[in-house]
Structure formats: structure tokens, C-alpha cells
$ cat work-v6.cif   # mmCIF, C-alpha atoms and all ligand atoms; chains and numbers go by the auth columns
data_final
#
loop_
_atom_site.group_PDB
_atom_site.id
_atom_site.type_symbol
_atom_site.label_atom_id
_atom_site.label_comp_id
_atom_site.label_asym_id
_atom_site.label_seq_id
_atom_site.Cartn_x
_atom_site.Cartn_y
_atom_site.Cartn_z
_atom_site.B_iso_or_equiv
_atom_site.auth_seq_id
_atom_site.auth_asym_id
ATOM 1 C CA MET A 1 0.093 16.763 10.372 0.00 1 A
ATOM 2 C CA GLY A 2 2.338 17.339 7.376 0.00 2 A
ATOM 3 C CA SER A 3 2.205 20.251 4.962 0.00 3 A
ATOM 4 C CA TRP A 4 1.207 19.856 1.312 0.00 4 A
ATOM 5 C CA GLN A 5 4.864 19.839 0.247 0.00 5 A
ATOM 6 C CA ASP A 6 5.842 17.233 2.895 0.00 6 A
ATOM 7 C CA ILE A 7 3.075 14.804 1.928 0.00 7 A
ATOM 8 C CA PHE A 8 3.772 15.405 -1.758 0.00 8 A
ATOM 9 C CA GLU A 9 7.440 14.464 -1.293 0.00 9 A
ATOM 10 C CA VAL A 10 6.493 11.248 0.510 0.00 10 A
ATOM 11 C CA LYS A 11 4.081 10.336 -2.305 0.00 11 A
ATOM 12 C CA MET A 12 6.789 10.934 -4.901 0.00 12 A
ATOM 13 C CA VAL A 13 9.153 8.587 -3.037 0.00 13 A
ATOM 14 C CA ASP A 14 6.356 5.982 -2.717 0.00 14 A
ATOM 15 C CA MET A 15 5.922 6.070 -6.479 0.00 15 A
ATOM 16 C CA HIS A 16 9.685 5.720 -7.028 0.00 16 A
ATOM 17 C CA LEU A 17 10.064 9.091 -8.724 0.00 17 A
ATOM 18 C CA ALA A 18 13.649 10.299 -8.497 0.00 18 A
ATOM 19 C CA ASP A 19 13.209 13.719 -10.159 0.00 19 A
ATOM 20 C CA PRO A 20 12.903 16.705 -7.834 0.00 20 A
ATOM 21 C CA TRP A 21 9.387 18.151 -7.854 0.00 21 A
ATOM 22 C CA MET A 22 8.193 21.290 -6.093 0.00 22 A
ATOM 23 C CA LEU A 23 4.670 22.083 -4.964 0.00 23 A
ATOM 24 C CA GLN A 24 3.630 25.696 -4.429 0.00 24 A
ATOM 25 C CA GLU A 25 0.331 27.304 -3.564 0.00 25 A
ATOM 26 C CA ASP A 26 -0.652 30.014 -6.006 0.00 26 A
ATOM 27 C CA ASP A 27 -3.901 31.964 -5.670 0.00 27 A
ATOM 28 C CA THR A 28 -3.580 33.495 -9.134 0.00 28 A
ATOM 29 C CA LEU A 29 -4.040 30.203 -11.065 0.00 29 A
ATOM 30 C CA GLN A 30 -6.925 30.238 -13.529 0.00 30 A
ATOM 31 C CA VAL A 31 -8.760 27.230 -14.930 0.00 31 A
ATOM 32 C CA HIS A 32 -7.733 26.402 -18.520 0.00 32 A
ATOM 33 C CA VAL A 33 -5.207 29.252 -18.579 0.00 33 A
ATOM 34 C CA LEU A 34 -1.913 27.458 -19.121 0.00 34 A
ATOM 35 C CA GLU A 35 1.468 28.294 -20.560 0.00 35 A
ATOM 36 C CA PRO A 36 2.759 25.894 -23.252 0.00 36 A
ATOM 37 C CA GLY A 37 3.988 22.606 -21.808 0.00 37 A
ATOM 38 C CA TRP A 38 1.919 22.882 -18.633 0.00 38 A
ATOM 39 C CA LYS A 39 -0.785 20.363 -17.767 0.00 39 A
ATOM 40 C CA GLU A 40 -3.915 20.835 -15.682 0.00 40 A
ATOM 41 C CA PHE A 41 -5.677 18.647 -13.127 0.00 41 A
ATOM 42 C CA VAL A 42 -8.787 19.693 -11.220 0.00 42 A
ATOM 43 C CA GLN A 43 -9.603 17.641 -8.146 0.00 43 A
ATOM 44 C CA ARG A 44 -13.287 18.126 -7.490 0.00 44 A
ATOM 45 C CA ARG A 45 -15.493 17.377 -4.517 0.00 45 A
ATOM 46 C CA ALA A 46 -12.921 17.263 -1.762 0.00 46 A
ATOM 47 C CA PHE A 47 -14.231 17.486 1.776 0.00 47 A
ATOM 48 C CA GLY A 48 -13.031 20.540 3.694 0.00 48 A
ATOM 49 C CA ARG A 49 -13.919 22.470 6.839 0.00 49 A
ATOM 50 C CA PHE A 50 -14.156 26.228 7.032 0.00 50 A
ATOM 51 C CA GLN A 51 -14.306 28.798 9.798 0.00 51 A
ATOM 52 C CA CYS A 52 -15.467 32.371 9.403 0.00 52 A
ATOM 53 C CA SER A 53 -12.829 34.819 10.625 0.00 53 A
ATOM 54 C CA GLN A 54 -15.548 37.343 11.531 0.00 54 A
ATOM 55 C CA CYS A 55 -18.208 35.380 13.442 0.00 55 A
ATOM 56 C CA PHE A 56 -16.168 32.145 13.959 0.00 56 A
ATOM 57 C CA ARG A 57 -19.010 30.020 12.598 0.00 57 A
ATOM 58 C CA GLU A 58 -17.797 26.684 11.277 0.00 58 A
ATOM 59 C CA TRP A 59 -19.118 24.798 8.286 0.00 59 A
ATOM 60 C CA SER A 60 -18.095 21.910 6.064 0.00 60 A
ATOM 61 C CA SER A 61 -18.383 21.382 2.349 0.00 61 A
ATOM 62 C CA ALA A 62 -17.953 18.329 0.165 0.00 62 A
ATOM 63 C CA LYS A 63 -17.556 20.586 -2.837 0.00 63 A
ATOM 64 C CA VAL A 64 -14.124 22.035 -2.336 0.00 64 A
ATOM 65 C CA HIS A 65 -12.196 22.076 -5.577 0.00 65 A
ATOM 66 C CA ILE A 66 -8.446 22.182 -6.026 0.00 66 A
ATOM 67 C CA LEU A 67 -6.731 23.245 -9.211 0.00 67 A
ATOM 68 C CA PHE A 68 -3.250 21.968 -10.078 0.00 68 A
ATOM 69 C CA HIS A 69 -1.017 23.167 -12.889 0.00 69 A
ATOM 70 C CA MET A 70 2.119 21.105 -13.497 0.00 70 A
ATOM 71 C CA HIS A 71 5.199 21.304 -15.636 0.00 71 A
ATOM 72 C CA ARG A 72 8.463 19.389 -16.079 0.00 72 A
ATOM 73 C CA HIS A 73 11.601 20.815 -17.614 0.00 73 A
ATOM 74 C CA ARG A 74 15.128 19.320 -17.705 0.00 74 A
ATOM 75 C CA GLY A 75 14.367 16.713 -15.070 0.00 75 A
ATOM 76 C CA LYS A 76 12.800 19.163 -12.617 0.00 76 A
ATOM 77 C CA GLY A 77 9.107 19.394 -11.906 0.00 77 A
ATOM 78 C CA MET A 78 6.878 22.156 -10.634 0.00 78 A
ATOM 79 C CA VAL A 79 3.283 22.027 -9.434 0.00 79 A
ATOM 80 C CA ARG A 80 1.206 25.082 -8.628 0.00 80 A
ATOM 81 C CA MET A 81 -1.994 24.559 -6.717 0.00 81 A
ATOM 82 C CA ARG A 82 -4.977 26.704 -5.884 0.00 82 A
ATOM 83 C CA VAL A 83 -7.605 25.730 -3.354 0.00 83 A
ATOM 84 C CA PHE A 84 -10.938 27.443 -3.977 0.00 84 A
ATOM 85 C CA ARG A 85 -12.353 29.248 -0.966 0.00 85 A
ATOM 86 C CA GLN A 86 -15.820 29.826 0.448 0.00 86 A
ATOM 87 C CA ALA A 87 -17.377 32.611 2.491 0.00 87 A
ATOM 88 C CA CYS A 88 -19.639 32.579 5.525 0.00 88 A
ATOM 89 C CA ARG A 89 -23.335 32.763 4.688 0.00 89 A
ATOM 90 C CA ARG A 90 -24.325 34.567 7.878 0.00 90 A
ATOM 91 C CA CYS A 91 -22.045 37.600 7.753 0.00 91 A
ATOM 92 C CA PRO A 92 -22.995 40.562 5.507 0.00 92 A
ATOM 93 C CA ASN A 93 -19.571 41.160 3.894 0.00 93 A
ATOM 94 C CA PRO A 94 -17.576 38.025 4.648 0.00 94 A
ATOM 95 C CA PRO A 95 -14.046 37.411 3.409 0.00 95 A
ATOM 96 C CA LEU A 96 -13.321 34.201 1.489 0.00 96 A
ATOM 97 C CA GLU A 97 -11.957 31.563 3.867 0.00 97 A
ATOM 98 C CA GLU A 98 -9.421 28.839 3.137 0.00 98 A
ATOM 99 C CA PRO A 99 -10.595 25.289 3.865 0.00 99 A
ATOM 100 C CA MET A 100 -8.848 22.919 6.256 0.00 100 A
ATOM 101 C CA PHE A 101 -8.441 19.291 5.225 0.00 101 A
ATOM 102 C CA ASN A 102 -7.735 16.234 7.297 0.00 102 A
ATOM 103 C CA GLN A 103 -4.578 14.232 6.709 0.00 103 A
ATOM 104 C CA GLU A 104 -6.322 11.454 4.768 0.00 104 A
ATOM 105 C CA THR A 105 -7.978 13.887 2.382 0.00 105 A
ATOM 106 C CA MET A 106 -4.642 15.612 1.717 0.00 106 A
ATOM 107 C CA GLU A 107 -2.977 12.260 1.087 0.00 107 A
ATOM 108 C CA ARG A 108 -5.663 11.160 -1.352 0.00 108 A
ATOM 109 C CA LEU A 109 -5.583 14.472 -3.197 0.00 109 A
ATOM 110 C CA LEU A 110 -1.834 14.269 -3.622 0.00 110 A
ATOM 111 C CA HIS A 111 -1.978 10.578 -4.536 0.00 111 A
ATOM 112 C CA ASN A 112 -4.234 11.547 -7.430 0.00 112 A
ATOM 113 C CA LEU A 113 -1.922 14.420 -8.338 0.00 113 A
ATOM 114 C CA VAL A 114 1.094 12.087 -8.484 0.00 114 A
ATOM 115 C CA LEU A 115 -0.834 9.670 -10.732 0.00 115 A
ATOM 116 C CA LYS A 116 -1.552 12.571 -13.095 0.00 116 A
ATOM 117 C CA ILE A 117 2.135 13.523 -13.073 0.00 117 A
ATOM 118 C CA LEU A 118 3.088 9.920 -13.922 0.00 118 A
ATOM 119 C CA LYS A 119 0.606 9.958 -16.768 0.00 119 A
ATOM 120 C CA TYR A 120 1.493 13.318 -18.285 0.00 120 A
ATOM 121 C CA PHE A 121 5.266 13.414 -17.809 0.00 121 A
ATOM 122 C CA TYR A 122 6.382 9.779 -17.486 0.00 122 A
ATOM 123 C CA HIS A 123 3.930 8.191 -19.959 0.00 123 A
ATOM 124 C CA MET A 124 2.569 5.694 -17.466 0.00 124 A
ATOM 125 C CA HIS A 125 -0.772 4.078 -18.120 0.00 125 A
ATOM 126 C CA VAL A 126 -3.211 5.591 -15.624 0.00 126 A
ATOM 127 C CA GLN A 127 -6.961 5.031 -15.817 0.00 127 A
ATOM 128 C CA SER A 128 -9.510 7.285 -14.219 0.00 128 A
ATOM 129 C CA SER A 129 -10.540 4.323 -12.009 0.00 129 A
ATOM 130 C CA ASP A 130 -7.045 4.420 -10.452 0.00 130 A
ATOM 131 C CA LEU A 131 -7.819 7.815 -8.942 0.00 131 A
ATOM 132 C CA LEU A 132 -8.999 7.720 -5.349 0.00 132 A
ATOM 133 C CA GLU A 133 -12.271 9.193 -4.188 0.00 133 A
ATOM 134 C CA VAL A 134 -11.645 12.084 -1.899 0.00 134 A
ATOM 135 C CA VAL A 135 -12.938 11.228 1.544 0.00 135 A
ATOM 136 C CA VAL A 136 -16.160 12.489 3.034 0.00 136 A
ATOM 137 C CA ASP A 137 -15.722 11.964 6.764 0.00 137 A
ATOM 138 C CA ALA A 138 -18.656 13.896 8.191 0.00 138 A
ATOM 139 C CA PRO A 139 -22.352 14.359 7.428 0.00 139 A
ATOM 140 C CA VAL A 140 -22.971 16.807 4.620 0.00 140 A
ATOM 141 C CA ALA A 141 -26.347 18.246 3.635 0.00 141 A
ATOM 142 C CA GLY A 142 -27.936 21.519 2.675 0.00 142 A
ATOM 143 C CA PRO A 143 -28.197 23.678 -0.402 0.00 143 A
ATOM 144 C CA HIS A 144 -25.339 24.823 -2.561 0.00 144 A
ATOM 145 C CA ASP A 145 -24.611 28.485 -1.901 0.00 145 A
ATOM 146 C CA SER A 146 -23.082 29.601 -5.187 0.00 146 A
ATOM 147 C CA THR A 147 -22.844 33.237 -4.185 0.00 147 A
ATOM 148 C CA ARG A 148 -20.420 32.375 -1.365 0.00 148 A
ATOM 149 C CA CYS A 149 -18.309 29.889 -3.304 0.00 149 A
ATOM 150 C CA GLU A 150 -15.186 30.945 -5.174 0.00 150 A
ATOM 151 C CA GLY A 151 -15.275 27.768 -7.313 0.00 151 A
ATOM 152 C CA CYS A 152 -18.795 28.619 -8.485 0.00 152 A
ATOM 153 C CA GLN A 153 -17.868 32.160 -9.332 0.00 153 A
ATOM 154 C CA LEU A 154 -15.016 30.867 -11.496 0.00 154 A
ATOM 155 C CA GLY A 155 -17.195 28.222 -13.165 0.00 155 A
ATOM 156 C CA ILE A 156 -15.650 25.139 -11.521 0.00 156 A
ATOM 157 C CA CYS A 157 -18.487 23.862 -9.311 0.00 157 A
ATOM 158 C CA SER A 158 -21.027 23.622 -12.110 0.00 158 A
ATOM 159 C CA LYS A 159 -18.688 21.346 -14.051 0.00 159 A
ATOM 160 C CA SER A 160 -18.732 18.622 -11.377 0.00 160 A
ATOM 161 C CA LYS A 161 -19.192 15.187 -12.902 0.00 161 A
ATOM 162 C CA LEU A 162 -21.226 13.840 -9.982 0.00 162 A
ATOM 163 C CA ALA A 163 -23.636 15.858 -7.930 0.00 163 A
ATOM 164 C CA LEU A 164 -24.262 13.080 -5.389 0.00 164 A
ATOM 165 C CA VAL A 165 -23.243 15.025 -2.337 0.00 165 A
ATOM 166 C CA PRO A 166 -24.866 18.374 -1.652 0.00 166 A
ATOM 167 C CA HIS A 167 -22.722 21.394 -0.956 0.00 167 A
ATOM 168 C CA ALA A 168 -22.510 23.088 2.394 0.00 168 A
ATOM 169 C CA TRP A 169 -23.259 21.548 5.744 0.00 169 A
ATOM 170 C CA GLU A 170 -25.123 23.059 8.659 0.00 170 A
ATOM 171 C CA PRO A 171 -24.827 21.123 11.935 0.00 171 A
ATOM 172 C CA PRO A 172 -27.858 18.787 12.251 0.00 172 A
ATOM 173 C CA VAL A 173 -30.419 20.000 14.792 0.00 173 A
ATOM 174 C CA ASP A 174 -32.435 16.932 15.811 0.00 174 A
ATOM 175 C CA ALA A 175 -31.421 13.332 16.351 0.00 175 A
ATOM 176 C CA ASP A 176 -33.376 11.985 13.356 0.00 176 A
ATOM 177 C CA VAL A 177 -31.556 14.189 10.902 0.00 177 A
ATOM 178 C CA GLU A 178 -28.285 13.198 12.482 0.00 178 A
ATOM 179 C CA ARG A 179 -29.084 9.486 12.225 0.00 179 A
ATOM 180 C CA ILE A 180 -30.066 9.698 8.568 0.00 180 A
ATOM 181 C CA HIS A 181 -26.899 11.598 7.770 0.00 181 A
ATOM 182 C CA TYR A 182 -24.813 9.183 9.783 0.00 182 A
ATOM 183 C CA SER A 183 -25.996 6.142 7.844 0.00 183 A
ATOM 184 C CA ARG A 184 -25.534 7.958 4.568 0.00 184 A
ATOM 185 C CA ASN A 185 -22.050 8.853 5.681 0.00 185 A
ATOM 186 C CA ARG A 186 -21.264 5.249 6.562 0.00 186 A
ATOM 187 C CA GLN A 187 -22.223 4.192 3.057 0.00 187 A
ATOM 188 C CA ASN A 188 -19.931 6.850 1.683 0.00 188 A
ATOM 189 C CA THR A 189 -17.056 5.719 3.863 0.00 189 A
ATOM 190 C CA ARG A 190 -17.445 2.174 2.626 0.00 190 A
ATOM 191 C CA ARG A 191 -17.535 3.335 -0.953 0.00 191 A
ATOM 192 C CA TYR A 192 -14.371 5.373 -0.510 0.00 192 A
ATOM 193 C CA ALA A 193 -12.487 2.661 1.393 0.00 193 A
ATOM 194 C CA THR A 194 -9.732 2.185 -1.159 0.00 194 A
ATOM 195 C CA PRO A 195 -6.209 1.658 0.169 0.00 195 A
ATOM 196 C CA ILE A 196 -4.003 4.722 -0.222 0.00 196 A
ATOM 197 C CA HIS A 197 -0.730 2.954 -0.909 0.00 197 A
ATOM 198 C CA THR A 198 -1.808 1.068 -3.974 0.00 198 A
ATOM 199 C CA PRO A 199 1.127 -0.250 -5.966 0.00 199 A
ATOM 200 C CA LEU A 200 1.657 1.284 -9.364 0.00 200 A
ATOM 201 C CA PRO A 201 -1.647 1.658 -11.148 0.00 201 A
ATOM 202 C CA CYS A 202 -1.419 -0.959 -13.905 0.00 202 A
ATOM 203 C CA ASN A 203 -2.134 -3.962 -11.633 0.00 203 A
ATOM 204 C CA SER A 204 -5.299 -2.568 -10.114 0.00 204 A
ATOM 205 C CA SER A 205 -7.635 -3.504 -12.969 0.00 205 A
ATOM 206 C CA PHE A 206 -7.497 -7.257 -12.204 0.00 206 A
ATOM 207 C CA PRO A 207 -11.141 -8.482 -11.885 0.00 207 A
ATOM 208 C CA TRP A 208 -11.016 -9.930 -8.339 0.00 208 A
ATOM 209 C CA LYS A 209 -14.786 -9.702 -7.891 0.00 209 A
ATOM 210 C CA ARG A 210 -15.554 -11.703 -11.006 0.00 210 A
ATOM 211 C CA CYS A 211 -12.969 -14.370 -10.070 0.00 211 A
ATOM 212 C CA CYS A 212 -14.536 -14.720 -6.607 0.00 212 A
ATOM 213 C CA CYS A 213 -18.032 -15.086 -8.128 0.00 213 A
ATOM 214 C CA ILE A 214 -16.929 -17.773 -10.591 0.00 214 A
ATOM 215 C CA GLY A 215 -14.955 -19.576 -7.858 0.00 215 A
ATOM 216 C CA SER A 216 -17.841 -19.715 -5.417 0.00 216 A
ATOM 217 C CA SER A 217 -20.285 -20.847 -8.159 0.00 217 A
ATOM 218 C CA LEU A 218 -17.932 -23.709 -9.073 0.00 218 A
ATOM 219 C CA LEU A 219 -17.685 -24.701 -5.419 0.00 219 A
ATOM 220 C CA CYS A 220 -21.505 -24.800 -5.128 0.00 220 A
ATOM 221 C CA ILE A 221 -21.846 -27.013 -8.228 0.00 221 A
ATOM 222 C CA LEU A 222 -19.118 -29.319 -6.872 0.00 222 A
ATOM 223 C CA ALA A 223 -20.914 -29.615 -3.529 0.00 223 A
ATOM 224 C CA VAL A 224 -24.233 -30.497 -5.221 0.00 224 A
ATOM 225 C CA LEU A 225 -22.510 -33.146 -7.369 0.00 225 A
ATOM 226 C CA LEU A 226 -20.881 -34.644 -4.268 0.00 226 A
ATOM 227 C CA PHE A 227 -24.263 -34.840 -2.510 0.00 227 A
ATOM 228 C CA VAL A 228 -25.851 -36.598 -5.496 0.00 228 A
ATOM 229 C CA LEU A 229 -22.928 -39.023 -5.704 0.00 229 A
ATOM 230 C CA LEU A 230 -23.088 -39.796 -1.967 0.00 230 A
ATOM 231 C CA TYR A 231 -26.863 -40.269 -2.199 0.00 231 A
ATOM 232 C CA PHE A 232 -26.459 -42.968 -4.852 0.00 232 A
ATOM 233 C CA ILE A 233 -23.551 -44.647 -3.034 0.00 233 A
ATOM 234 C CA MET A 234 -25.527 -44.856 0.234 0.00 234 A
ATOM 235 C CA LYS A 235 -28.502 -46.315 -1.604 0.00 235 A
HETATM 236 ZN ZN ZN B . -19.404 34.735 9.571 0.00 301 B
HETATM 237 ZN ZN ZN B . -19.647 26.179 -5.533 0.00 302 B
#
$ encode --input "work-v6.cif" --output "C-alpha cells"
Amino acid sequence: MGSWQDIFEVKMVDMHLADPWMLQEDDTLQVHVLEPGWKEFVQRRAFGRFQCSQCFREWSSAKVHILFHMHRHRGKGMVRMRVFRQACRRCPNPPLEEPMFNQETMERLLHNLVLKILKYFYHMHVQSSDLLEVVVDAPVAGPHDSTRCEGCQLGICSKSKLALVPHAWEPPVDADVERIHYSRNRQNTRRYATPIHTPLPCNSSFPWKRCCCIGSSLLCILAVLLFVLLYFIMK
């Protein structure tokens, strides 16, 4: 599994960006606190897994937020990122833990980041529909524990556009709960099944669905006409 910087470099090459860009983690980044010339992108609702370093309990959350600040100067780019942490809800004084992401989630996050870079620094036309959903690959349920969430404390969680997926996840206890979550998860997977290596964003707005609908309607009408014609010929 590659590091953030490795995947970021691959994405930059995929998008045919020749400028050198650096990606650094920075835990001091603050939302909306930017030096002149810097741009901000907040990726909300990423799916991450956590483990408590005190009791080793594991949990997952679909509400992990990542803050990116980016800047380009004299052909060189710099991105600083901060991943918001969460703390264990069972321990009395738990430290904030960093989430772990799977490879696909990291790739989608950085795909979205590169699109934002293209938009802000290379004046490419990028629509919000070009951004990929960040994958939810496991059942997620349970209440949102704001007191143990760094994003909440810094006012990021509450600004989520969609509150479709609840926050933290406790492992399901009985089979019924698991089955319900599983089917919900399958729906999510289908919804998020967008290819990662989309070509450059401008082509993706072509209305394939509408074309298919019109095409199949025309075919149906043609078939009916043929039947009527044959009916009269046979008579
Ligand atoms: Zn704990
Ligand atoms: Zn939160």
C-alpha cells in the first residue's frame, strides 16, 4: 500500500501535470485560516478505521474529514493536509487516534484533491459532479459522538452537506442487524461505483442515460410498427 505522497504523485502523472507538487501532513492546519494565494479543500465523509492505543478497541467512522491547503508558486506546488482524529468512547481519558484508510479511499481522496488543484491553479473546468464519492466499504451505524471527534470540536462535522451515513460504528451483535447493514452497504457500494481513472473531467457530463432511454424507446416504437405492418401483409 502506497503512502499519501506516492499515490498523489501517480495521480498527478495520470492527469498529465508536469509541475512538481509536494504533499505534506500538517496537524496545525486550521479551517478557513489561509495565507494569501492558498486555496482550501475539505474532503468530508471519508470512511476510516480507528484503533484505541489504550484498550485496542477498533471502530470505524464514515465521518472522517480531511483538510487540504494548497498553493502554487513559480511552477512548484505544495499541499498540506490534516486528517481529523477521533478518540475511543470507552476509555476515560483517551488520546486522539489517527484513522487508517484503505487504498481505494486514499486514491479517491487524492483524485478529488488533484481535480481541485486543476481547477484552482490550472483553470480547468471542474464540476462538483466530477468529484468521486469517498468509499464506504463496511457497515456503519450508531450515534455521532461529537465529544470524541476532533472534526466536531473544530466545527467541521456539523458543516457536512449530507448526513446520510451515521457516524461511528460498533460491530453488529446479532445476525439481523448485520443483514440490514449489509444490504444498506451494498446499495452504497453501487452508488459509489464510479471508475477512478476517469479521463479529464470535461467529458464526463455527456448524458449517456438519457441517450439510452431515447434509443430504447425508439426501438420499441419501431418493433410495434413492424408488427402492425406484418399483420397487414399476412392478412
Ligand atoms: Zn480505548
Ligand atoms: Zn464529528
$ atom_distance --input "work-v6.cif" --atom1 "CA of Leu34 (chain A)" --atom2 "CA of Ala87 (chain A)"
27.1 Å
$ residues_near_ligand --input "work-v6.cif" --ligand "ligand ZN 302 (chain B)" --cutoff "10 Å" --atoms "only C-alpha atoms and all ligand atoms" --output "list in words"
Arg45, Ser61, Ala62, Lys63, Val64, His65, Phe84, Arg85, Gln86, His144, Asp145, Ser146, Thr147, Arg148, Cys149, Glu150, Gly151, Cys152, Gln153, Leu154, Gly155, Ile156, Cys157, Ser158, Lys159, Ser160, His167 and Ala168 of chain A
$ residues_around --input "work-v6.cif" --residues "region 35-44 of chain A" --least-positions-apart "6" --cutoff "6 Å" --atoms "all atoms listed in the file" --output "PyMOL selection string"
chain A and resi 65-71
$ write_last_selection --input "work-v6.cif" --atoms "C-alpha atoms" --output "mmCIF file, in the frame of the given file"
data_model
loop_
_atom_site.group_PDB
_atom_site.id
_atom_site.type_symbol
_atom_site.label_atom_id
_atom_site.label_comp_id
_atom_site.auth_asym_id
_atom_site.auth_seq_id
_atom_site.Cartn_x
_atom_site.Cartn_y
_atom_site.Cartn_z
ATOM 1 C CA HIS A 65 -12.196 22.076 -5.577
ATOM 2 C CA ILE A 66 -8.446 22.182 -6.026
ATOM 3 C CA LEU A 67 -6.731 23.245 -9.211
ATOM 4 C CA PHE A 68 -3.250 21.968 -10.078
ATOM 5 C CA HIS A 69 -1.017 23.167 -12.889
ATOM 6 C CA MET A 70 2.119 21.105 -13.497
ATOM 7 C CA HIS A 71 5.199 21.304 -15.636
#
$ atom_distance --input "work-v6.cif" --atom1 "CA of Glu58 (chain A)" --atom2 "CA of Thr105 (chain A)"
18.4 Å
$ residues_near_ligand --input "work-v6.cif" --ligand "ligand ZN 301 (chain B)" --cutoff "8 Å" --atoms "all atoms listed in the file" --output "list in words"
Gln51, Cys52, Ser53, Gln54, Cys55, Phe56, Arg57, Ala87, Cys88, Arg89, Arg90, Cys91, Pro92 and Pro94 of chain A
$ resolve_selection --input "work-v6.cif" --expression "the PyMOL selection byres (((chain A and resi 12) around 12) and not hetatm)" --output "number ranges by chain"
A: 5-11, 13-23, 77, 107, 110-118, 197, 200
$ axis_aligned_box --input "work-v6.cif" --around "region 120-134 of chain A" --padding-each-side "6 Å" --output "AutoDock Vina command-line options"
--center_x -2.9 --center_y 8.7 --center_z -10.9 --size_x 30.7 --size_y 21.3 --size_z 30.1
$ atom_distance --input "work-v6.cif" --atom1 "CA of Glu104 (chain A)" --atom2 "CA of His32 (chain A)"
27.7 Å
